[in-house]
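Have a look at data.cif; it's mmCIF, N, CA and C atoms:
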data_coords
#
loop_
_atom_site.label_atom_id
_atom_site.label_comp_id
_atom_site.auth_asym_id
_atom_site.auth_seq_id
_atom_site.Cartn_x
_atom_site.Cartn_y
_atom_site.Cartn_z
N VAL A 1 -15.29 1.01 14.62
CA VAL A 1 -14.15 0.39 15.27
C VAL A 1 -12.98 0.46 14.30
N GLY A 2 -11.91 1.12 14.68
CA GLY A 2 -10.75 1.27 13.82
C GLY A 2 -9.82 0.08 13.93
N ALA A 3 -9.08 -0.12 12.88
CA ALA A 3 -8.10 -1.20 12.87
C ALA A 3 -6.87 -0.79 13.67
N THR A 4 -6.17 -1.77 14.17
CA THR A 4 -4.94 -1.49 14.89
C THR A 4 -3.75 -1.80 13.98
N SER A 5 -2.60 -1.29 14.36
CA SER A 5 -1.39 -1.58 13.60
C SER A 5 -1.12 -3.08 13.54
N ALA A 6 -1.36 -3.77 14.66
CA ALA A 6 -1.14 -5.22 14.70
C ALA A 6 -2.08 -5.94 13.73
N SER A 7 -3.34 -5.49 13.65
CA SER A 7 -4.28 -6.16 12.75
C SER A 7 -3.92 -5.86 11.29
N LYS A 8 -3.39 -4.69 11.01
CA LYS A 8 -2.96 -4.35 9.65
C LYS A 8 -1.75 -5.19 9.24
N LEU A 9 -0.83 -5.41 10.17
CA LEU A 9 0.34 -6.23 9.88
C LEU A 9 -0.08 -7.68 9.66
N ALA A 10 -1.02 -8.16 10.48
CA ALA A 10 -1.52 -9.53 10.31
C ALA A 10 -2.22 -9.68 8.95
N ALA A 11 -2.95 -8.65 8.53
CA ALA A 11 -3.61 -8.68 7.22
C ALA A 11 -2.59 -8.73 6.09
N LEU A 12 -1.47 -8.03 6.26
CA LEU A 12 -0.41 -8.06 5.26
C LEU A 12 0.17 -9.47 5.16
N VAL A 13 0.43 -10.10 6.29
CA VAL A 13 0.96 -11.46 6.28
C VAL A 13 -0.01 -12.40 5.56
N ARG A 14 -1.30 -12.31 5.90
CA ARG A 14 -2.31 -13.16 5.25
C ARG A 14 -2.31 -12.94 3.73
N TYR A 15 -2.23 -11.68 3.31
CA TYR A 15 -2.26 -11.35 1.88
C TYR A 15 -1.04 -11.93 1.17
N ILE A 16 0.14 -11.75 1.74
CA ILE A 16 1.38 -12.25 1.13
C ILE A 16 1.31 -13.76 0.97
N VAL A 17 0.83 -14.47 2.00
CA VAL A 17 0.70 -15.92 1.94
C VAL A 17 -0.35 -16.32 0.90
N GLN A 18 -1.46 -15.58 0.86
CA GLN A 18 -2.56 -15.88 -0.06
C GLN A 18 -2.10 -15.82 -1.52
N ILE A 19 -1.20 -14.91 -1.84
CA ILE A 19 -0.77 -14.79 -3.24
C ILE A 19 0.52 -15.56 -3.52
N GLY A 20 0.91 -16.44 -2.59
CA GLY A 20 2.00 -17.34 -2.87
C GLY A 20 3.33 -17.00 -2.23
N GLY A 21 3.37 -15.97 -1.40
CA GLY A 21 4.60 -15.60 -0.73
C GLY A 21 4.75 -16.32 0.60
N ASP A 22 5.84 -16.09 1.25
CA ASP A 22 6.14 -16.70 2.54
C ASP A 22 5.94 -15.64 3.63
N ALA A 23 5.33 -16.03 4.71
CA ALA A 23 5.09 -15.09 5.82
C ALA A 23 6.39 -14.48 6.32
N GLU A 24 7.50 -15.20 6.19
CA GLU A 24 8.80 -14.70 6.65
C GLU A 24 9.27 -13.48 5.87
N LEU A 25 8.70 -13.26 4.67
CA LEU A 25 9.09 -12.09 3.87
C LEU A 25 8.88 -10.79 4.64
N VAL A 26 7.84 -10.75 5.47
CA VAL A 26 7.52 -9.50 6.17
C VAL A 26 7.96 -9.53 7.64
N ALA A 27 8.86 -10.45 7.97
CA ALA A 27 9.43 -10.46 9.32
C ALA A 27 10.19 -9.16 9.54
N GLY A 28 9.94 -8.51 10.65
CA GLY A 28 10.61 -7.25 10.95
C GLY A 28 9.91 -6.03 10.38
N TRP A 29 8.81 -6.23 9.67
CA TRP A 29 8.05 -5.11 9.12
C TRP A 29 7.17 -4.51 10.21
N GLU A 30 6.71 -3.30 9.95
CA GLU A 30 5.87 -2.57 10.90
C GLU A 30 4.70 -1.95 10.14
N ALA A 31 3.55 -1.91 10.78
CA ALA A 31 2.39 -1.23 10.22
C ALA A 31 2.06 -0.05 11.12
N ARG A 32 1.69 1.05 10.50
CA ARG A 32 1.28 2.23 11.27
C ARG A 32 0.00 2.79 10.68
N ILE A 33 -0.83 3.30 11.56
CA ILE A 33 -2.04 3.99 11.12
C ILE A 33 -1.85 5.45 11.47
N GLU A 34 -1.90 6.28 10.43
CA GLU A 34 -1.68 7.70 10.61
C GLU A 34 -2.94 8.46 10.22
N VAL A 35 -3.32 9.41 11.06
CA VAL A 35 -4.53 10.21 10.82
C VAL A 35 -4.12 11.51 10.14
N ARG A 36 -4.81 11.80 9.04
CA ARG A 36 -4.53 13.04 8.32
C ARG A 36 -4.87 14.22 9.21
N LYS A 37 -3.98 15.21 9.21
CA LYS A 37 -4.13 16.32 10.15
C LYS A 37 -4.71 17.59 9.55
N ALA A 38 -4.68 17.73 8.23
CA ALA A 38 -5.12 18.98 7.63
C ALA A 38 -5.87 18.73 6.33
N GLY A 39 -6.50 19.78 5.84
CA GLY A 39 -7.19 19.71 4.56
C GLY A 39 -8.59 19.15 4.66
N ASN A 40 -9.19 18.95 3.50
CA ASN A 40 -10.57 18.46 3.44
C ASN A 40 -10.70 17.04 3.96
N THR A 41 -9.59 16.29 3.97
CA THR A 41 -9.64 14.91 4.42
C THR A 41 -9.08 14.72 5.82
N ALA A 42 -8.95 15.80 6.56
CA ALA A 42 -8.45 15.70 7.94
C ALA A 42 -9.32 14.74 8.74
N GLY A 43 -8.68 13.92 9.53
CA GLY A 43 -9.40 12.97 10.36
C GLY A 43 -9.48 11.57 9.76
N ILE A 44 -9.18 11.44 8.47
CA ILE A 44 -9.21 10.13 7.84
C ILE A 44 -7.91 9.40 8.17
N ALA A 45 -8.04 8.12 8.50
CA ALA A 45 -6.87 7.33 8.86
C ALA A 45 -6.36 6.55 7.66
N ASP A 46 -5.05 6.52 7.49
CA ASP A 46 -4.40 5.76 6.43
C ASP A 46 -3.47 4.74 7.06
N ALA A 47 -3.40 3.55 6.46
CA ALA A 47 -2.48 2.52 6.93
C ALA A 47 -1.25 2.54 6.03
N TYR A 48 -0.09 2.41 6.65
CA TYR A 48 1.18 2.33 5.92
C TYR A 48 1.95 1.16 6.47
N TRP A 49 2.75 0.53 5.60
CA TRP A 49 3.61 -0.57 6.00
C TRP A 49 5.05 -0.13 5.78
N PHE A 50 5.92 -0.44 6.73
CA PHE A 50 7.32 -0.03 6.68
C PHE A 50 8.22 -1.26 6.72
N SER A 51 9.16 -1.30 5.76
CA SER A 51 10.14 -2.38 5.74
C SER A 51 11.14 -2.16 6.86
N PRO A 52 11.96 -3.15 7.16
CA PRO A 52 12.99 -2.97 8.19
C PRO A 52 13.96 -1.83 7.87
N THR A 53 14.09 -1.49 6.58
CA THR A 53 14.99 -0.38 6.20
C THR A 53 14.31 0.97 6.29
N GLY A 54 12.99 0.97 6.59
CA GLY A 54 12.26 2.22 6.74
C GLY A 54 11.50 2.66 5.50
N LYS A 55 11.56 1.89 4.40
CA LYS A 55 10.82 2.25 3.20
C LYS A 55 9.32 2.11 3.46
N ARG A 56 8.56 3.13 3.06
CA ARG A 56 7.12 3.15 3.31
C ARG A 56 6.35 2.65 2.10
N PHE A 57 5.32 1.85 2.37
CA PHE A 57 4.44 1.33 1.33
C PHE A 57 3.01 1.71 1.68
N ARG A 58 2.25 2.13 0.68
CA ARG A 58 0.88 2.59 0.92
C ARG A 58 -0.17 1.50 0.82
N SER A 59 0.20 0.32 0.32
CA SER A 59 -0.79 -0.74 0.20
C SER A 59 -0.12 -2.11 0.29
N LYS A 60 -0.94 -3.12 0.53
CA LYS A 60 -0.44 -4.48 0.56
C LYS A 60 0.05 -4.88 -0.83
N VAL A 61 -0.62 -4.39 -1.86
CA VAL A 61 -0.22 -4.71 -3.23
C VAL A 61 1.17 -4.13 -3.52
N GLU A 62 1.44 -2.92 -3.05
CA GLU A 62 2.78 -2.34 -3.23
C GLU A 62 3.84 -3.21 -2.57
N VAL A 63 3.53 -3.75 -1.39
CA VAL A 63 4.48 -4.63 -0.71
C VAL A 63 4.71 -5.89 -1.55
N ALA A 64 3.63 -6.47 -2.09
CA ALA A 64 3.76 -7.67 -2.91
C ALA A 64 4.61 -7.39 -4.15
N ARG A 65 4.43 -6.22 -4.76
CA ARG A 65 5.25 -5.85 -5.92
C ARG A 65 6.71 -5.71 -5.51
N HIS A 66 6.95 -5.18 -4.33
CA HIS A 66 8.31 -5.02 -3.81
C HIS A 66 9.02 -6.38 -3.76
N PHE A 67 8.29 -7.40 -3.40
CA PHE A 67 8.84 -8.75 -3.32
C PHE A 67 8.78 -9.48 -4.66
N GLU A 68 8.26 -8.81 -5.68
CA GLU A 68 8.15 -9.36 -7.04
C GLU A 68 7.37 -10.67 -7.06
N LEU A 69 6.30 -10.69 -6.30
CA LEU A 69 5.44 -11.86 -6.28
C LEU A 69 4.62 -11.89 -7.56
N ALA A 70 4.60 -13.02 -8.23
CA ALA A 70 3.98 -13.14 -9.55
C ALA A 70 2.48 -12.81 -9.51
N SER A 71 1.82 -13.07 -8.40
CA SER A 71 0.37 -12.83 -8.32
C SER A 71 0.01 -11.40 -7.99
N ALA A 72 1.00 -10.56 -7.74
CA ALA A 72 0.69 -9.16 -7.42
C ALA A 72 0.17 -8.46 -8.67
N PRO A 73 -0.95 -7.76 -8.56
CA PRO A 73 -1.48 -7.05 -9.73
C PRO A 73 -0.48 -6.00 -10.20
N PRO A 74 -0.41 -5.79 -11.52
CA PRO A 74 0.50 -4.76 -12.03
C PRO A 74 0.02 -3.37 -11.62
N PRO A 75 0.92 -2.39 -11.60
CA PRO A 75 0.50 -1.03 -11.27
C PRO A 75 -0.52 -0.53 -12.29
N LYS A 76 -1.45 0.28 -11.83
CA LYS A 76 -2.43 0.87 -12.75
C LYS A 76 -1.73 1.91 -13.60
N GLU A 77 -2.13 1.95 -14.86
CA GLU A 77 -1.57 2.97 -15.73
C GLU A 77 -2.25 4.30 -15.42
N LYS A 78 -1.45 5.35 -15.41
CA LYS A 78 -2.01 6.67 -15.17
C LYS A 78 -2.72 7.11 -16.43
N LYS A 79 -3.90 7.67 -16.26
CA LYS A 79 -4.66 8.15 -17.39
C LYS A 79 -4.04 9.44 -17.89
N ALA A 80 -3.86 9.52 -19.19
CA ALA A 80 -3.31 10.73 -19.78
C ALA A 80 -4.38 11.81 -19.79
N LYS A 81 -3.96 13.00 -19.46
CA LYS A 81 -4.91 14.11 -19.50
C LYS A 81 -5.04 14.56 -20.94
N VAL A 82 -6.27 14.62 -21.40
CA VAL A 82 -6.53 15.02 -22.76
C VAL A 82 -7.15 16.40 -22.75
N ALA A 83 -6.53 17.31 -23.48
CA ALA A 83 -7.06 18.68 -23.54
C ALA A 83 -8.28 18.68 -24.46
N ALA A 84 -9.30 19.38 -24.05
CA ALA A 84 -10.50 19.48 -24.87
C ALA A 84 -10.23 20.39 -26.06
N VAL A 85 -10.69 19.94 -27.20
CA VAL A 85 -10.51 20.73 -28.42
C VAL A 85 -11.83 21.42 -28.68
N VAL A 86 -11.80 22.73 -28.78
CA VAL A 86 -13.01 23.50 -29.03
C VAL A 86 -13.10 23.78 -30.52
N GLY A 87 -14.17 23.33 -31.14
CA GLY A 87 -14.35 23.52 -32.59
C GLY A 87 -14.92 24.89 -32.90
N ASP A 88 -14.76 25.30 -34.15
CA ASP A 88 -15.26 26.59 -34.60
C ASP A 88 -16.65 26.49 -35.17
N GLY A 89 -17.23 25.36 -35.19
CA GLY A 89 -18.50 25.29 -35.90
C GLY A 89 -19.52 24.70 -35.14
#
In structure tokens, what does this structure look like?
Amino acid sequence: VGATSASKLAALVRYIVQIGGDAELVAGWEARIEVRKAGNTAGIADAYWFSPTGKRFRSKVEVARHFELASAPPPKEKKAKVAAVVGDG
């Protein structure tokens, strides 16, 4: 059973309230579920949240960071790629 856009938006409201925000912060926001159309992951559905200005967010945490909510987890640091050193011995 797949989630609906309405249920994704309701989950966003619950999350924002849970971490100390106000439900009114996401008034006018929209949730969309988009199915990947090509590649090895074709057919997988992704949820996106859109602000009233049209800015797209890929997760509820990204939305919380957008509102600068103190309880929002910080962004993950990207792991640096380390080149393998091949020894001569």
Open item on the list: Report, in Å with one decimal, the straight-line distance from atom CA of A:Ser71 to atom CA of A:Gly20.
Closed with: 7.3 Å
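With distances restricted to all atoms listed in the file, A:Ser51 is the closest residue to A:Ala27 from A:Phe57, A:His66, A:Ser51, A:Ala11.
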TODO: Name every residue that the PyMOL selection byres ((chain A and resi 58) around 6) selects in this structure, writing the answer as a list in words with chains first and numbers rising.
DONE: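 For this structure, the PyMOL selection byres ((chain A and resi 58) around 6) resolves to Ala47, Tyr48, Trp49, Arg56, Phe57, Ser59, Lys60 and Glu62 of chain A.
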Open item on the list: Selection in question (the file shown): the PyMOL selection byres ((chain A and resi 28-41) around 8). Which residues does it include, as a ChimeraX atom specification?
Closed with: /A:3-10,24-27,42-53
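One finds atom CA of A:Ala23 at 22.6 Å from atom CA of A:Pro75.
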Open item on the list: For the structure I just gave you, how does DSSP split chain A - specifically, which residues are helix (DSSP H, G or I)? Reply as a PyMOL selection string.
Closed with: chain A and resi 5-18+23-26+60-66
TODO: Just the strand (DSSP E) stuff from chain A, please, per backbone DSSP, written as a list in words.
DONE: Glu30, Ala31, Arg32, Ile33, Glu34, Val35, Ala45, Asp46, Ala47, Tyr48, Trp49, Phe50, Arg56 and Phe57 of chain A
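Note that the spacing between atom C of A:Asp22 and atom N of A:Leu69 amounts to 11.1 Å.
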Please fill the gaps in stretch 31-44 of chain A so it has N, CA, C and O atoms, and write that as a PDB file, keeping the file's coordinate frame.
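Everything below was put into result-v8.pdb:
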ATOM      1  N   ALA A  31       3.550  -1.910  10.780  1.00  0.00           N
ATOM      2  CA  ALA A  31       2.390  -1.230  10.220  1.00  0.00           C
ATOM      3  C   ALA A  31       2.060  -0.050  11.120  1.00  0.00           C
ATOM      4  O   ALA A  31       2.189  -0.145  12.342  1.00  0.00           O
ATOM      5  N   ARG A  32       1.690   1.050  10.500  1.00  0.00           N
ATOM      6  CA  ARG A  32       1.280   2.230  11.270  1.00  0.00           C
ATOM      7  C   ARG A  32       0.000   2.790  10.680  1.00  0.00           C
ATOM      8  O   ARG A  32      -0.203   2.768   9.478  1.00  0.00           O
ATOM      9  N   ILE A  33      -0.830   3.300  11.560  1.00  0.00           N
ATOM     10  CA  ILE A  33      -2.040   3.990  11.120  1.00  0.00           C
ATOM     11  C   ILE A  33      -1.850   5.450  11.470  1.00  0.00           C
ATOM     12  O   ILE A  33      -1.608   5.796  12.624  1.00  0.00           O
ATOM     13  N   GLU A  34      -1.900   6.280  10.430  1.00  0.00           N
ATOM     14  CA  GLU A  34      -1.680   7.700  10.610  1.00  0.00           C
ATOM     15  C   GLU A  34      -2.940   8.460  10.220  1.00  0.00           C
ATOM     16  O   GLU A  34      -3.562   8.159   9.209  1.00  0.00           O
ATOM     17  N   VAL A  35      -3.320   9.410  11.060  1.00  0.00           N
ATOM     18  CA  VAL A  35      -4.530  10.210  10.820  1.00  0.00           C
ATOM     19  C   VAL A  35      -4.120  11.510  10.140  1.00  0.00           C
ATOM     20  O   VAL A  35      -3.196  12.197  10.579  1.00  0.00           O
ATOM     21  N   ARG A  36      -4.810  11.800   9.040  1.00  0.00           N
ATOM     22  CA  ARG A  36      -4.530  13.040   8.320  1.00  0.00           C
ATOM     23  C   ARG A  36      -4.870  14.220   9.210  1.00  0.00           C
ATOM     24  O   ARG A  36      -5.907  14.246   9.853  1.00  0.00           O
ATOM     25  N   LYS A  37      -3.980  15.210   9.210  1.00  0.00           N
ATOM     26  CA  LYS A  37      -4.130  16.320  10.150  1.00  0.00           C
ATOM     27  C   LYS A  37      -4.710  17.590   9.550  1.00  0.00           C
ATOM     28  O   LYS A  37      -5.160  18.462  10.279  1.00  0.00           O
ATOM     29  N   ALA A  38      -4.680  17.730   8.230  1.00  0.00           N
ATOM     30  CA  ALA A  38      -5.120  18.980   7.630  1.00  0.00           C
ATOM     31  C   ALA A  38      -5.870  18.730   6.330  1.00  0.00           C
ATOM     32  O   ALA A  38      -5.851  17.625   5.789  1.00  0.00           O
ATOM     33  N   GLY A  39      -6.500  19.780   5.840  1.00  0.00           N
ATOM     34  CA  GLY A  39      -7.190  19.710   4.560  1.00  0.00           C
ATOM     35  C   GLY A  39      -8.590  19.150   4.660  1.00  0.00           C
ATOM     36  O   GLY A  39      -9.104  18.886   5.755  1.00  0.00           O
ATOM     37  N   ASN A  40      -9.190  18.950   3.500  1.00  0.00           N
ATOM     38  CA  ASN A  40     -10.570  18.460   3.440  1.00  0.00           C
ATOM     39  C   ASN A  40     -10.700  17.040   3.960  1.00  0.00           C
ATOM     40  O   ASN A  40     -11.793  16.601   4.305  1.00  0.00           O
ATOM     41  N   THR A  41      -9.590  16.290   3.970  1.00  0.00           N
ATOM     42  CA  THR A  41      -9.640  14.910   4.420  1.00  0.00           C
ATOM     43  C   THR A  41      -9.080  14.720   5.820  1.00  0.00           C
ATOM     44  O   THR A  41      -8.800  13.590   6.228  1.00  0.00           O
ATOM     45  N   ALA A  42      -8.950  15.800   6.560  1.00  0.00           N
ATOM     46  CA  ALA A  42      -8.450  15.700   7.940  1.00  0.00           C
ATOM     47  C   ALA A  42      -9.320  14.740   8.740  1.00  0.00           C
ATOM     48  O   ALA A  42     -10.548  14.744   8.611  1.00  0.00           O
ATOM     49  N   GLY A  43      -8.680  13.920   9.530  1.00  0.00           N
ATOM     50  CA  GLY A  43      -9.400  12.970  10.360  1.00  0.00           C
ATOM     51  C   GLY A  43      -9.480  11.570   9.760  1.00  0.00           C
ATOM     52  O   GLY A  43      -9.825  10.617  10.454  1.00  0.00           O
ATOM     53  N   ILE A  44      -9.180  11.440   8.470  1.00  0.00           N
ATOM     54  CA  ILE A  44      -9.210  10.130   7.840  1.00  0.00           C
ATOM     55  C   ILE A  44      -7.910   9.400   8.170  1.00  0.00           C
ATOM     56  O   ILE A  44      -6.833   9.976   8.129  1.00  0.00           O
TER      57      ILE A  44
END
